Every structure is written in C-alpha cells, then in structure tokens.
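File shown here: my_file14.txt, holding compact mmCIF, C-alpha atoms.
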# COMPACT_ATOMS: atom_id res chain seq x y z
CA MET A 1 -54.11 -15.38 56.23
CA VAL A 2 -54.26 -18.81 54.56
CA PRO A 3 -58.08 -19.07 54.68
CA LYS A 4 -58.32 -15.55 53.29
CA LEU A 5 -55.99 -16.45 50.44
CA ARG A 6 -57.99 -19.59 49.80
CA ARG A 7 -61.14 -17.50 49.58
CA ILE A 8 -59.49 -15.19 47.07
CA ILE A 9 -58.33 -18.10 44.90
CA CYS A 10 -61.77 -19.71 45.02
CA ALA A 11 -63.40 -16.44 44.05
CA LEU A 12 -61.02 -15.99 41.12
CA ILE A 13 -61.59 -19.55 39.91
CA ALA A 14 -65.34 -19.00 40.12
CA VAL A 15 -65.08 -15.81 38.08
CA ALA A 16 -62.86 -17.58 35.58
CA SER A 17 -65.32 -20.46 35.24
CA VAL A 18 -68.19 -18.10 34.59
CA GLY A 19 -66.08 -16.28 32.02
CA LEU A 20 -65.12 -19.46 30.23
CA SER A 21 -68.64 -20.82 30.19
CA ALA A 22 -69.83 -17.50 28.76
CA CYS A 23 -67.26 -17.83 25.98
CA GLY A 24 -68.47 -21.36 25.29
CA THR A 25 -72.07 -20.22 25.07
CA LYS A 26 -71.15 -17.51 22.64
CA ALA A 27 -69.20 -19.92 20.43
CA ASP A 28 -72.13 -22.35 20.42
CA GLN A 29 -74.46 -19.54 19.51
CA SER A 30 -72.17 -18.63 16.63
CA LYS A 31 -72.34 -22.19 15.33
CA ILE A 32 -76.10 -22.16 15.49
CA GLU A 33 -76.23 -18.87 13.64
CA ALA A 34 -73.78 -20.21 11.08
CA ALA A 35 -76.30 -22.82 10.06
CA GLN A 36 -78.49 -20.00 8.74
CA SER A 37 -77.40 -18.00 5.74
CA THR A 38 -78.59 -14.59 6.92
CA VAL A 39 -79.53 -12.85 10.13
CA THR A 40 -82.22 -10.20 10.25
CA ILE A 41 -81.26 -6.86 11.78
CA ALA A 42 -83.67 -3.96 12.19
CA ALA A 43 -82.56 -0.34 12.30
CA GLU A 44 -84.75 2.76 12.16
CA GLY A 45 -87.66 1.07 10.43
CA LYS A 46 -85.53 -0.75 7.90
CA THR A 47 -84.86 -4.47 7.93
CA PHE A 48 -81.61 -5.93 6.72
CA ALA A 49 -80.97 -9.58 5.91
CA VAL A 50 -77.26 -9.66 6.71
CA PRO A 51 -75.29 -12.67 5.44
CA ILE A 52 -73.61 -14.34 8.39
CA GLU A 53 -70.15 -13.85 6.94
CA HIS A 54 -70.69 -10.10 7.33
CA LEU A 55 -71.82 -10.23 10.93
CA ALA A 56 -69.42 -8.25 13.07
CA SER A 57 -70.52 -10.22 16.13
CA LEU A 58 -68.96 -13.37 14.67
CA GLN A 59 -65.53 -11.83 14.29
CA PRO A 60 -62.62 -12.83 16.54
CA SER A 61 -62.36 -9.45 18.26
CA SER A 62 -65.93 -9.63 19.48
CA GLN A 63 -65.33 -13.14 20.84
CA ILE A 64 -62.68 -11.78 23.16
CA ILE A 65 -63.87 -8.25 23.83
CA PRO A 66 -67.63 -8.13 23.27
CA PHE A 67 -68.73 -4.84 21.77
CA GLY A 68 -72.06 -3.46 20.76
CA SER A 69 -72.34 -4.42 17.12
CA THR A 70 -75.93 -3.21 16.83
CA SER A 71 -77.80 -0.15 18.02
CA LYS A 72 -81.24 1.37 17.48
CA ASN A 73 -80.15 3.20 14.34
CA GLY A 74 -77.38 1.10 12.94
CA PHE A 75 -75.02 -1.84 13.14
CA LEU A 76 -71.53 -2.98 12.35
CA ALA A 77 -70.86 -5.14 9.33
CA HIS A 78 -67.66 -7.00 8.63
CA PHE A 79 -66.05 -7.45 5.22
CA SER A 80 -63.15 -9.85 5.13
CA ALA A 81 -59.89 -9.06 3.39
CA ALA A 82 -60.50 -11.93 0.96
CA TRP A 83 -64.02 -10.73 0.15
CA LEU A 84 -62.80 -7.19 -0.56
CA SER A 85 -59.86 -8.44 -2.57
CA ALA A 86 -62.10 -10.64 -4.71
CA HIS A 87 -64.58 -7.82 -5.37
CA VAL A 88 -62.26 -4.87 -5.87
CA ASP A 89 -59.54 -4.71 -8.50
CA GLY A 90 -56.31 -3.45 -6.97
CA TYR A 91 -57.33 -4.12 -3.38
CA GLN A 92 -54.48 -5.53 -1.32
CA PRO A 93 -55.79 -8.08 1.19
CA VAL A 94 -52.64 -8.35 3.31
CA LEU A 95 -50.39 -5.44 4.26
CA ASN A 96 -47.69 -5.20 6.92
CA LYS A 97 -48.61 -8.62 8.27
CA GLY A 98 -52.21 -7.65 8.79
CA PHE A 99 -55.42 -8.69 7.05
CA GLN A 100 -57.08 -5.70 5.43
CA GLY A 101 -60.63 -6.66 6.24
CA LEU A 102 -62.77 -3.86 7.59
CA MET A 103 -65.77 -3.00 9.67
CA ALA A 104 -68.44 -0.82 8.10
CA ASN A 105 -70.27 1.21 10.70
CA LEU A 106 -73.78 1.64 9.33
CA SER A 107 -76.18 4.38 10.39
CA VAL A 108 -79.75 4.55 9.21
CA GLY A 109 -82.50 7.15 9.41
CA LYS A 110 -83.54 10.77 8.98
CA GLN A 111 -81.59 12.05 11.96
CA ILE A 112 -78.37 10.60 10.58
CA LYS A 113 -79.19 12.14 7.23
CA MET A 114 -79.50 15.54 8.88
CA ASP A 115 -76.27 15.00 10.78
CA TYR A 116 -74.45 14.16 7.57
CA ALA A 117 -75.92 17.22 5.85
CA ARG A 118 -74.37 19.57 8.41
CA LEU A 119 -71.08 21.23 7.63
CA HIS A 120 -68.11 19.43 9.05
CA PRO A 121 -66.51 21.73 11.67
CA VAL A 122 -63.09 20.06 11.50
CA SER A 123 -62.91 20.48 7.71
CA MET A 124 -63.99 24.11 7.96
CA ASP A 125 -61.40 24.92 10.64
CA LEU A 126 -58.77 23.20 8.57
CA TRP A 127 -59.79 25.17 5.45
CA TYR A 128 -59.84 28.53 7.24
CA LYS A 129 -56.70 27.75 9.25
CA ARG A 130 -58.35 28.47 12.54
CA GLY A 131 -58.84 26.98 15.99
CA THR A 132 -56.80 23.85 16.51
CA TYR A 133 -55.48 24.09 12.99
CA GLU A 134 -54.13 27.64 12.93
CA ASN A 135 -50.61 26.27 12.50
CA ARG A 136 -51.50 23.64 9.94
CA VAL A 137 -48.79 22.70 7.46
CA ILE A 138 -49.47 21.77 3.85
CA MET A 139 -47.07 19.55 1.94
CA ASP A 140 -47.13 21.19 -1.46
CA LYS A 141 -46.39 18.02 -3.44
CA LYS A 142 -48.83 15.16 -3.81
CA GLU A 143 -47.84 11.95 -2.12
CA PRO A 144 -46.88 9.67 -5.05
CA ASN A 145 -48.61 6.44 -4.03
CA THR A 146 -51.94 7.87 -2.96
CA GLY A 147 -52.13 11.02 -5.09
CA PHE A 148 -53.16 13.19 -2.12
CA TYR A 149 -51.84 16.36 -0.56
CA ILE A 150 -50.86 15.83 3.05
CA ILE A 151 -51.93 18.38 5.64
CA GLN A 152 -50.33 18.17 9.04
CA PRO A 153 -52.46 19.62 11.83
CA ILE A 154 -49.34 20.98 13.55
CA PRO A 155 -45.75 21.48 12.34
CA TYR A 156 -44.10 18.09 12.25
CA GLN A 157 -42.10 17.30 15.31
CA SER A 158 -39.90 14.30 15.38
CA ARG A 159 -41.10 12.00 18.11
CA PRO A 160 -39.79 8.62 19.20
CA TYR A 161 -43.30 7.23 19.05
CA TYR A 162 -45.75 8.13 16.34
CA ASP A 163 -48.56 6.14 17.83
CA GLY A 164 -51.79 8.04 17.41
CA GLU A 165 -50.35 10.66 15.07
CA GLN A 166 -53.06 12.24 12.96
CA TRP A 167 -53.05 14.07 9.66
CA PHE A 168 -55.29 14.80 6.70
CA LEU A 169 -55.28 13.83 3.06
CA ALA A 170 -56.95 16.08 0.51
CA GLU A 171 -57.35 16.00 -3.25
CA THR A 172 -57.24 19.81 -3.44
CA LEU A 173 -55.42 22.23 -1.21
CA PRO A 174 -57.24 24.42 1.32
CA ASP A 175 -57.12 28.17 0.83
CA GLU A 176 -58.29 30.30 3.72
CA SER A 177 -58.57 33.36 1.49
CA LYS A 178 -61.45 31.75 -0.41
CA PRO A 179 -64.89 30.63 0.81
CA TYR A 180 -65.15 27.06 2.03
CA PRO A 181 -66.29 24.98 -0.98
CA GLU A 182 -69.69 23.51 -0.35
CA ASN A 183 -70.61 22.10 -3.70
CA PRO A 184 -68.94 19.69 -3.81
CA ARG A 185 -67.95 19.99 -0.20
CA TRP A 186 -64.25 20.06 0.61
CA ARG A 187 -63.71 17.27 3.07
CA PRO A 188 -60.27 15.79 3.63
CA TYR A 189 -59.79 12.29 4.92
CA ILE A 190 -58.62 11.98 8.50
CA CYS A 191 -55.81 9.48 8.86
CA ARG A 192 -54.24 8.02 11.92
CA ARG A 193 -51.04 6.13 12.35
CA THR A 194 -50.63 3.43 14.95
CA ASN A 195 -48.15 0.76 15.79
CA GLY A 196 -49.42 -2.63 14.72
CA ILE A 197 -50.68 -4.78 17.53
CA ILE A 198 -49.71 -7.93 15.71
CA GLN A 199 -46.28 -9.32 16.30
CA ASN A 200 -43.68 -8.07 13.80
CA SER A 201 -46.17 -5.78 12.13
CA LYS A 202 -45.03 -2.35 11.11
CA VAL A 203 -46.87 0.93 11.22
CA LEU A 204 -50.53 0.88 10.35
CA THR A 205 -52.11 3.89 8.72
CA LYS A 206 -55.86 4.01 8.53
CA CYS A 207 -58.02 6.74 7.04
CA SER A 208 -61.68 7.33 7.75
CA ILE A 209 -63.87 7.26 4.64
CA ASN A 210 -67.60 7.92 4.43
CA GLY A 211 -70.01 6.23 2.07
CA THR A 212 -73.71 6.29 1.25
CA SER A 213 -75.69 3.20 0.41
CA ALA A 214 -79.10 4.83 0.00
CA ASP A 215 -80.80 8.13 0.71
CA ASP A 216 -80.76 7.45 4.44
CA ILE A 217 -78.20 4.69 4.84
CA PHE A 218 -74.72 5.92 5.63
CA PHE A 219 -71.57 4.12 6.60
CA TYR A 220 -67.95 4.80 7.37
CA ILE A 221 -64.92 2.59 7.16
CA TYR A 222 -61.24 2.79 7.99
CA LEU A 223 -59.15 2.07 4.95
CA SER A 224 -55.40 1.50 5.01
CA SER A 225 -53.44 4.16 3.15
CA GLU A 226 -52.13 1.62 0.62
CA ASN A 227 -55.72 0.83 -0.39
CA LEU A 228 -56.86 4.46 -0.60
CA ARG A 229 -56.22 4.40 -4.33
CA VAL A 230 -59.20 2.08 -4.74
CA ARG A 231 -61.46 3.89 -2.23
CA GLU A 232 -64.13 4.71 -4.83
CA PRO A 233 -64.59 1.11 -6.01
CA VAL A 234 -64.54 -0.04 -2.37
CA LEU A 235 -67.29 2.42 -1.42
CA SER A 236 -69.28 1.51 -4.50
CA ILE A 237 -69.06 -2.25 -3.86
CA LEU A 238 -69.93 -1.83 -0.18
CA ALA A 239 -72.86 0.44 -0.99
CA ARG A 240 -74.23 -2.09 -3.48
CA GLU A 241 -73.74 -4.98 -1.10
CA ILE A 242 -75.31 -3.22 1.89
CA ASN A 243 -78.23 -2.09 -0.23
CA SER A 244 -78.81 -5.66 -1.34
CA TRP A 245 -79.46 -6.60 2.30
CA VAL A 246 -82.44 -4.25 2.63
CA ILE A 247 -85.53 -6.43 2.73
CA ASP A 248 -88.12 -3.72 2.23
CA LYS A 249 -86.99 -2.01 -0.95
CA GLU A 250 -90.03 0.30 -0.88
CA ALA A 251 -88.67 1.86 2.29
CA ASN A 252 -85.40 2.34 0.47
CA ASN A 253 -86.81 4.52 -2.32
CA GLY A 254 -86.59 1.61 -4.70
CA ARG A 255 -82.79 1.72 -4.87
CA MET B 1 -45.70 -6.42 56.94
CA VAL B 2 -48.14 -9.32 56.84
CA ALA B 3 -50.78 -7.12 55.25
CA LYS B 4 -48.32 -5.99 52.60
CA LEU B 5 -47.30 -9.58 51.89
CA SER B 6 -50.93 -10.64 51.63
CA HIS B 7 -51.56 -7.79 49.21
CA SER B 8 -48.62 -8.82 47.04
CA ILE B 9 -49.68 -12.46 47.02
CA ARG B 10 -53.19 -11.41 46.03
CA TYR B 11 -51.80 -9.56 43.00
CA VAL B 12 -49.56 -12.46 42.02
CA VAL B 13 -52.42 -14.95 42.26
CA PHE B 14 -54.71 -12.67 40.29
CA ALA B 15 -52.09 -12.23 37.57
CA ALA B 16 -51.45 -15.97 37.44
CA VAL B 17 -55.13 -16.89 37.13
CA PHE B 18 -55.74 -14.16 34.58
CA GLY B 19 -52.70 -15.33 32.64
CA LEU B 20 -53.90 -18.92 32.73
CA LEU B 21 -57.17 -17.73 31.25
CA LEU B 22 -55.51 -15.84 28.44
CA ILE B 23 -52.85 -18.33 27.41
CA PRO B 24 -55.26 -20.99 26.11
CA ALA B 25 -57.19 -18.32 24.27
CA ALA B 26 -54.05 -17.04 22.59
CA GLN B 27 -51.98 -20.15 22.02
CA GLY B 28 -54.22 -23.12 22.53
CA GLU B 29 -54.75 -23.68 18.83
CA PRO B 30 -52.85 -26.57 17.32
CA ARG B 31 -50.05 -25.54 15.01
CA GLY B 32 -51.24 -27.80 12.22
CA PRO B 33 -52.99 -26.97 8.94
CA ILE B 34 -56.08 -24.80 8.75
CA GLN B 35 -59.26 -26.08 7.21
CA VAL B 36 -61.38 -23.74 5.13
CA THR B 37 -64.81 -25.05 4.19
CA THR B 38 -66.35 -23.75 0.98
CA ASP B 39 -69.42 -24.58 -1.11
CA ILE B 40 -67.35 -27.02 -3.17
CA GLY B 41 -65.72 -28.71 -0.22
CA ALA B 42 -62.89 -28.16 2.21
CA PHE B 43 -59.30 -27.10 1.68
CA LEU B 44 -56.63 -28.05 4.19
CA ILE B 45 -54.00 -25.33 4.08
CA PRO B 46 -50.61 -26.16 5.61
CA ARG B 47 -49.45 -23.57 8.11
CA GLN B 48 -46.57 -22.55 5.86
CA PHE B 49 -49.05 -21.18 3.32
CA VAL B 50 -51.50 -19.55 5.69
CA ALA B 51 -51.61 -15.83 4.87
CA ILE B 52 -50.93 -14.68 8.41
CA ASP B 53 -49.56 -17.25 10.78
CA LEU B 54 -51.33 -16.10 13.91
CA TRP B 55 -53.78 -17.58 16.33
CA LYS B 56 -56.12 -14.75 15.40
CA THR B 57 -56.60 -16.18 11.93
CA LEU B 58 -57.90 -19.40 13.37
CA LYS B 59 -60.48 -17.87 15.60
CA ILE B 60 -63.12 -17.13 13.02
CA PRO B 61 -65.99 -19.39 14.01
CA PRO B 62 -66.73 -21.30 11.92
CA PHE B 63 -64.24 -20.98 9.06
CA GLU B 64 -66.85 -21.48 6.38
CA THR B 65 -66.51 -19.10 3.50
CA ASN B 66 -66.17 -18.94 -0.24
CA TYR B 67 -63.42 -16.33 0.10
CA PHE B 68 -59.98 -16.91 1.51
CA VAL B 69 -56.39 -15.89 1.01
CA PHE B 70 -53.17 -17.82 1.22
CA ARG B 71 -49.54 -16.94 0.64
CA LEU B 72 -46.80 -18.45 -1.40
CA PRO B 73 -43.64 -17.63 0.57
CA SER B 74 -41.02 -15.82 -1.51
CA LYS B 75 -38.25 -18.37 -0.92
CA TYR B 76 -40.63 -21.18 -1.76
CA VAL B 77 -41.62 -19.61 -5.08
CA GLU B 78 -38.01 -18.78 -5.85
CA ALA B 79 -37.07 -22.42 -5.36
CA LYS B 80 -39.97 -23.63 -7.50
CA ILE B 81 -39.85 -21.13 -10.36
CA SER B 82 -36.68 -20.30 -12.18
CA GLY B 83 -36.37 -16.54 -12.68
CA PHE B 84 -38.52 -15.59 -9.71
CA THR B 85 -36.76 -13.25 -7.29
CA ALA B 86 -37.49 -13.55 -3.57
CA ILE B 87 -36.17 -10.06 -2.77
CA GLU B 88 -36.53 -7.06 -5.02
CA ASN B 89 -35.42 -3.56 -4.01
CA HIS B 90 -35.07 -4.77 -0.43
CA PHE B 91 -38.68 -5.96 -0.32
CA GLU B 92 -39.72 -9.57 0.13
CA GLN B 93 -41.83 -10.79 -2.76
CA GLU B 94 -44.23 -13.26 -1.21
CA VAL B 95 -47.31 -13.85 -3.32
CA ILE B 96 -50.68 -13.34 -1.70
CA VAL B 97 -53.37 -15.29 -3.53
CA THR B 98 -57.05 -14.49 -3.11
CA VAL B 99 -59.35 -17.43 -3.78
CA GLU B 100 -63.04 -17.16 -4.53
CA VAL B 101 -65.28 -20.16 -4.91
CA LEU B 102 -67.83 -18.66 -7.25
CA THR B 103 -71.49 -18.60 -6.41
CA LYS B 104 -73.95 -18.70 -9.28
CA LYS B 105 -74.18 -14.91 -9.34
CA ARG B 106 -70.43 -14.37 -9.22
CA HIS B 107 -69.88 -17.18 -11.70
CA ALA B 108 -71.85 -15.22 -14.27
CA MET B 109 -69.55 -12.25 -13.71
CA LEU B 110 -66.18 -13.97 -13.56
CA GLU B 111 -66.48 -17.08 -15.72
CA GLY B 112 -63.52 -17.35 -18.05
CA ILE B 113 -61.67 -14.35 -16.62
CA ASP B 114 -57.98 -14.23 -17.52
CA SER B 115 -56.93 -10.65 -16.94
CA ARG B 116 -53.93 -8.52 -16.17
CA GLN B 117 -53.90 -4.92 -14.97
CA CYS B 118 -50.59 -3.14 -14.50
CA ARG B 119 -49.59 0.16 -12.96
CA GLN B 120 -46.53 1.89 -11.67
CA GLU B 121 -45.99 1.88 -7.93
CA ASN B 122 -43.21 3.41 -5.87
CA HIS B 123 -41.10 1.85 -3.19
CA ASP B 124 -40.54 4.43 -0.52
CA LEU B 125 -36.83 3.88 0.04
CA TYR B 126 -36.02 7.07 1.85
CA PRO B 127 -34.56 9.41 0.66
CA GLN B 128 -35.45 8.13 -2.78
CA SER B 129 -38.59 6.70 -4.28
CA VAL B 130 -38.00 3.67 -6.50
CA PRO B 131 -40.60 3.02 -9.20
CA TYR B 132 -41.59 -0.52 -10.07
CA ARG B 133 -44.29 -2.24 -12.08
CA ARG B 134 -47.06 -4.02 -10.26
CA CYS B 135 -49.55 -6.18 -12.08
CA GLU B 136 -52.69 -7.82 -10.80
CA TYR B 137 -53.83 -11.06 -12.35
CA ARG B 138 -57.17 -12.78 -12.24
CA LYS B 139 -57.71 -16.27 -13.52
CA TYR B 140 -60.73 -18.54 -13.70
CA PHE B 141 -60.46 -22.29 -13.30
CA SER B 142 -63.39 -24.31 -14.52
CA PRO B 143 -63.39 -27.43 -12.36
CA GLY B 144 -65.31 -26.28 -9.34
CA GLY B 145 -65.65 -22.70 -10.54
CA ILE B 146 -62.78 -20.98 -8.77
CA ALA B 147 -61.29 -17.57 -9.49
CA ILE B 148 -57.95 -16.49 -8.11
CA LYS B 149 -56.32 -13.09 -7.90
CA TYR B 150 -52.71 -12.27 -7.16
CA GLN B 151 -50.22 -9.47 -7.65
CA LEU B 152 -46.61 -9.55 -8.81
CA ASN B 153 -43.95 -6.88 -8.77
CA GLY B 154 -41.16 -5.88 -11.17
CA GLU B 155 -39.34 -8.62 -13.04
CA ASN B 156 -41.41 -11.33 -11.36
CA ASN B 157 -44.28 -10.36 -13.66
CA GLN B 158 -42.55 -12.34 -16.40
CA GLN B 159 -43.22 -15.51 -14.44
CA PHE B 160 -46.93 -14.98 -13.95
CA ARG B 161 -48.08 -18.14 -15.76
CA TYR B 162 -45.80 -20.24 -13.58
CA VAL B 163 -47.02 -18.54 -10.42
CA GLU B 164 -50.59 -19.13 -11.55
CA ALA B 165 -49.88 -22.81 -12.18
CA LEU B 166 -48.17 -23.11 -8.80
CA ALA B 167 -51.13 -21.54 -6.99
CA TRP B 168 -53.62 -23.76 -8.79
CA GLY B 169 -51.48 -26.83 -8.11
CA LYS B 170 -51.43 -25.99 -4.41
CA LEU B 171 -55.19 -25.56 -4.29
CA ASN B 172 -55.69 -28.97 -5.89
CA GLU B 173 -53.22 -30.47 -3.44
CA TRP B 174 -55.12 -29.01 -0.48
CA LYS B 175 -58.59 -29.90 -1.68
CA MET B 176 -60.12 -32.58 0.50
CA ASP B 177 -62.36 -35.24 -1.01

Hey, can you dump this file as structure tokens for me?
Amino acid sequence: MVPKLRRIICALIAVASVGLSACGTKADQSKIEAAQSTVTIAAEGKTFAVPIEHLASLQPSSQIIPFGSTSKNGFLAHFSAAWLSAHVDGYQPVLNKGFQGLMANLSVGKQIKMDYARLHPVSMDLWYKRGTYENRVIMDKKEPNTGFYIIQPIPYQSRPYYDGEQWFLAETLPDESKPYPENPRWRPYICRRTNGIIQNSKVLTKCSINGTSADDIFFYIYLSSENLRVREPVLSILAREINSWVIDKEANNGR
Amino acid sequence: MVAKLSHSIRYVVFAAVFGLLLIPAAQGEPRGPIQVTTDIGAFLIPRQFVAIDLWKTLKIPPFETNYFVFRLPSKYVEAKISGFTAIENHFEQEVIVTVEVLTKKRHAMLEGIDSRQCRQENHDLYPQSVPYRRCEYRKYFSPGGIAIKYQLNGENNQQFRYVEALAWGKLNEWKMD
C-alpha cells in the first residue's frame, strides 16, 4: 500500500509542478506583452490593434481559469472599472464590494450581422405572453432607480436562495393584444441576480446589453443594475473605443 | 477495509496537494501597499485605501495603467473633515475616487475641468424608499495632469472641497519619486 501511496503523491506533485510552471510561463508572457502598447487581433477579415490594458487574456480570471478570449469571428475585451468611471459621467466603479469593470464580447462579420437582424424569440414570446412566459407578471410601476418596468418570467415565489433568478427590464410595457413592435424593436434587457463570489459582497445584479460599434461589429456586455442609468453613454464610449482599434478603416465603411 | 482506507487516504492527499496549490495563489500576496505605475510615475497606495482589499485586486499583471481607483474610508474622512458623516440613512459613506493620469488626447478633453453634476437617488430601505442627493465631482490638477472623479451623498456634498483636497493630498503623499 505504501509504495502505491508514494506513487500517487509523486504523480500529484508532478501534475502540480507542471501546473505551476505553466502559470509562470503565462505570467512571463504577460510581462512581455505588457512591454508593447497594443496587440493585433484578427477577426473575420478585420484587424484590431487592441491596447494591452483591454486584453481579456491579461485579466486575473484568465490567469487562474484560462478561457478562450479570441475566436475566428470575435474576441473578448476588458474595460476596467476605473477606465469606465473616468470616461462615463455617473458610472459607479465600485458597488457591493465589487469592481464594476466589464468584459465586452465582440463579434465581427456578415453572419453575426444576419444573426442580430433576426427577431429575438425570447422577446417575442415575452411580448405575446406565450411559451415559457405565458404566466409572466408585469410590475405596473417603474422601478425608481433605473426607470424600467420589471417583468417577472413567472409569478414571484419567495425562495431562500435567489441565486440565478432572472427577470426582464423594459422601457415600455408588452401588450400581447398588439403586434410585436419591430421599428424600433421591443427588446427588454435580461437581468440575472447572483450571490457575490467575493467575501462580504451582497447580491449582484447584471443585465445583458447589446451594442454596435460599426455596421458589422457587435458586442454585448453585462452591466450592473445600478449602472443601467448610464447604459447609453457606456455603449457609446465602448463603440467609439472599439472602433478606434480597427486598423483597416476602409473595411469598416470609413466609420 | 484496506482498499477503503487507501481510497480515503488518496482523497485526503489529493485535497491537501490541491489546497497547497491554491493557498499561495489566493493568499500569497504580501499585505503591504499596492504599487500602481502610471505614465507620470508610480503611486504606492496603502492597503487601507485600496478600493477593494482582496488578493484579486493585486493579480493584474502588471499593474501599469493610467486609470485606478482608491477609497477614502468613511470613518477616516469623518475624522479628517468636520461635518462629514460616516453613516447616512444606514449606509456607509466611503468615498471612491477615480484617478486618471491624462494622456495627451484626454488632456485636451479634461484640462481645467471642475464640474459637479447632481441628481436625486433613492435608498431602497424596504418598505420605504428614501430620496437623497448624489453629486458627482470632477477636478483637474495641473501638476502631472491628473483628473479625479468622486461622488458624495446627501449632506456630505457640502464638504466636497475638503474631500477633494483630502484626495489630492493623499495622491501627493503616495506619489513615488
């Protein structure tokens, strides 16, 4: 039994050593990259010169749990809480003991454009009160801090844990007796509530918001509910910043 | 019996080794000040004023940026500024200060800024909602080209010049030669 145990321990130590050395390599790579001011990322025929401070791959989460920050048709960009706060009036950089930096998930290309042009099935079901949302509940008064109507997908049930609870925020109320508005399209924001992972943090509420940087550059972000009030300036600033990274402006319709 | 014991030991050893791997990652950082390196030099921020006192904040490699935030703890400001209230309507009033070391482009946009924007917010003190005034201040400081932004609530807005001076004083104190 002892030799077997020894083998197990040795194997674990070996795995640990490989893991640690991999972390070291990644950190060194980060330092090397940091010496440059931008990193070039290609997506769907477009080239972006991304400032290193916006590289998602340099963020702490990706140091611990590596994730795919780039793909064939897009990449993740990071905007720190301080950066957003400095650029957007009214933006709150720290809420509930958490930095309010965010990841912008960028998608580029004609296919994405077509995908975005399609009607959003969730919004339509919510409008027509059908499918999963046939029992939806509308709070008839706007929420004072955000100025939105709240739509619960199901009648509210008191639960000891609200982790993962989802609801919608809309500027106008849905009305199943009328046709689904397409111009402009009625599209509520999907929000999700989670318990904070950081010690002593309270509940975190994040809402998914879509933005467009150019004709075929789209992105979405998760914004905390307290910062929803400034969502338009946030989207505008991010769109401008992302667009400034495009190297070939010709390919970007001159925007 | 032996097989079961061996199985248990295997789990314990695995957990121990895994734990040993995680602990340095999570807590191995020294508890001292944090250095932020900007275009105009480095700032050494004591842990007391770091916006979020967590190991996570230290793990951004490398901490070189022209944007950072720090906090002035509510009790600290209350002790330093007469008339500042640490707690208002049950909420702690720590001041979060955003600092931007201005690049040439941003300098052109923010040079000389000295602004205040106020709006009404609501504390959600169930079952009632308590309104209060929240103002956001931006201020430019010429040596080095720094702009700061911070927000104050309720009666503390009357002390904004003192808070501004306190924040600027702290930045100068933390600036390394």

* Asked: At what distance in Å, to one decimal, does CA of Ile151 in chain A lie from CA of Lys129 in chain A?
  -> 11.1 Å

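Atom pair CA of Asn135 in chain A / CA of Pro127 in chain B has a distance of 26.1 Å (rounded to one decimal).
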
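If you look at CA of Ser82 in chain B and CA of Ile146 in chain B, they are 26.3 Å away from each other.
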
* Which neighbours of Gly32 in chain B fall inside 10 Å, counting all atoms listed in the file, when residues of the same chain fewer than 6 positions from it are skipped, and could you give them as a list in words? -> Leu44, Ile45, Pro46, Arg47 and Gln48 of chain B

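Nearest residue to chain B among A:Ser213, A:Trp186, A:Glu226, A:Thr172 is A:Glu226, counting all atoms listed in the file.
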
* Scan for residues within 8 Å of the point (-68.7, -17.5, -3.0) in the coordinates of the file, using all atoms listed in the file, and reply as number ranges by chain. => B: 38-39, 65-67, 100-103, 106

Within 12 Å of (-60.9, 4.7, -1.0), all atoms listed in the file: residues as a PDB file with C-alpha atoms, keeping the file's coordinate frame?
ATOM      1  CA  VAL A  88     -62.260  -4.870  -5.870  1.00  0.00           C
ATOM      2  CA  GLY A  90     -56.310  -3.450  -6.970  1.00  0.00           C
ATOM      3  CA  TYR A  91     -57.330  -4.120  -3.380  1.00  0.00           C
ATOM      4  CA  THR A 146     -51.940   7.870  -2.960  1.00  0.00           C
ATOM      5  CA  GLY A 147     -52.130  11.020  -5.090  1.00  0.00           C
ATOM      6  CA  PHE A 148     -53.160  13.190  -2.120  1.00  0.00           C
ATOM      7  CA  LEU A 169     -55.280  13.830   3.060  1.00  0.00           C
ATOM      8  CA  TYR A 189     -59.790  12.290   4.920  1.00  0.00           C
ATOM      9  CA  LYS A 206     -55.860   4.010   8.530  1.00  0.00           C
ATOM     10  CA  CYS A 207     -58.020   6.740   7.040  1.00  0.00           C
ATOM     11  CA  SER A 208     -61.680   7.330   7.750  1.00  0.00           C
ATOM     12  CA  ILE A 209     -63.870   7.260   4.640  1.00  0.00           C
ATOM     13  CA  ASN A 210     -67.600   7.920   4.430  1.00  0.00           C
ATOM     14  CA  GLY A 211     -70.010   6.230   2.070  1.00  0.00           C
ATOM     15  CA  TYR A 220     -67.950   4.800   7.370  1.00  0.00           C
ATOM     16  CA  ILE A 221     -64.920   2.590   7.160  1.00  0.00           C
ATOM     17  CA  TYR A 222     -61.240   2.790   7.990  1.00  0.00           C
ATOM     18  CA  LEU A 223     -59.150   2.070   4.950  1.00  0.00           C
ATOM     19  CA  SER A 224     -55.400   1.500   5.010  1.00  0.00           C
ATOM     20  CA  SER A 225     -53.440   4.160   3.150  1.00  0.00           C
ATOM     21  CA  GLU A 226     -52.130   1.620   0.620  1.00  0.00           C
ATOM     22  CA  ASN A 227     -55.720   0.830  -0.390  1.00  0.00           C
ATOM     23  CA  LEU A 228     -56.860   4.460  -0.600  1.00  0.00           C
ATOM     24  CA  ARG A 229     -56.220   4.400  -4.330  1.00  0.00           C
ATOM     25  CA  VAL A 230     -59.200   2.080  -4.740  1.00  0.00           C
ATOM     26  CA  ARG A 231     -61.460   3.890  -2.230  1.00  0.00           C
ATOM     27  CA  GLU A 232     -64.130   4.710  -4.830  1.00  0.00           C
ATOM     28  CA  PRO A 233     -64.590   1.110  -6.010  1.00  0.00           C
ATOM     29  CA  VAL A 234     -64.540  -0.040  -2.370  1.00  0.00           C
ATOM     30  CA  LEU A 235     -67.290   2.420  -1.420  1.00  0.00           C
ATOM     31  CA  SER A 236     -69.280   1.510  -4.500  1.00  0.00           C
ATOM     32  CA  ILE A 237     -69.060  -2.250  -3.860  1.00  0.00           C
ATOM     33  CA  LEU A 238     -69.930  -1.830  -0.180  1.00  0.00           C
TER      34      LEU A 238
END

Once you add 8 Å to each side, what are the centre and edge lengths of the axis-aligned box holding all listed atoms of range 149-161 of chain B? One decimal in Å, as lines of an AutoDock Vina configuration file, if you can.
center_x = -47.8
center_y = -12.0
center_z = -11.8
size_x = 33.0
size_y = 28.3
size_z = 25.2
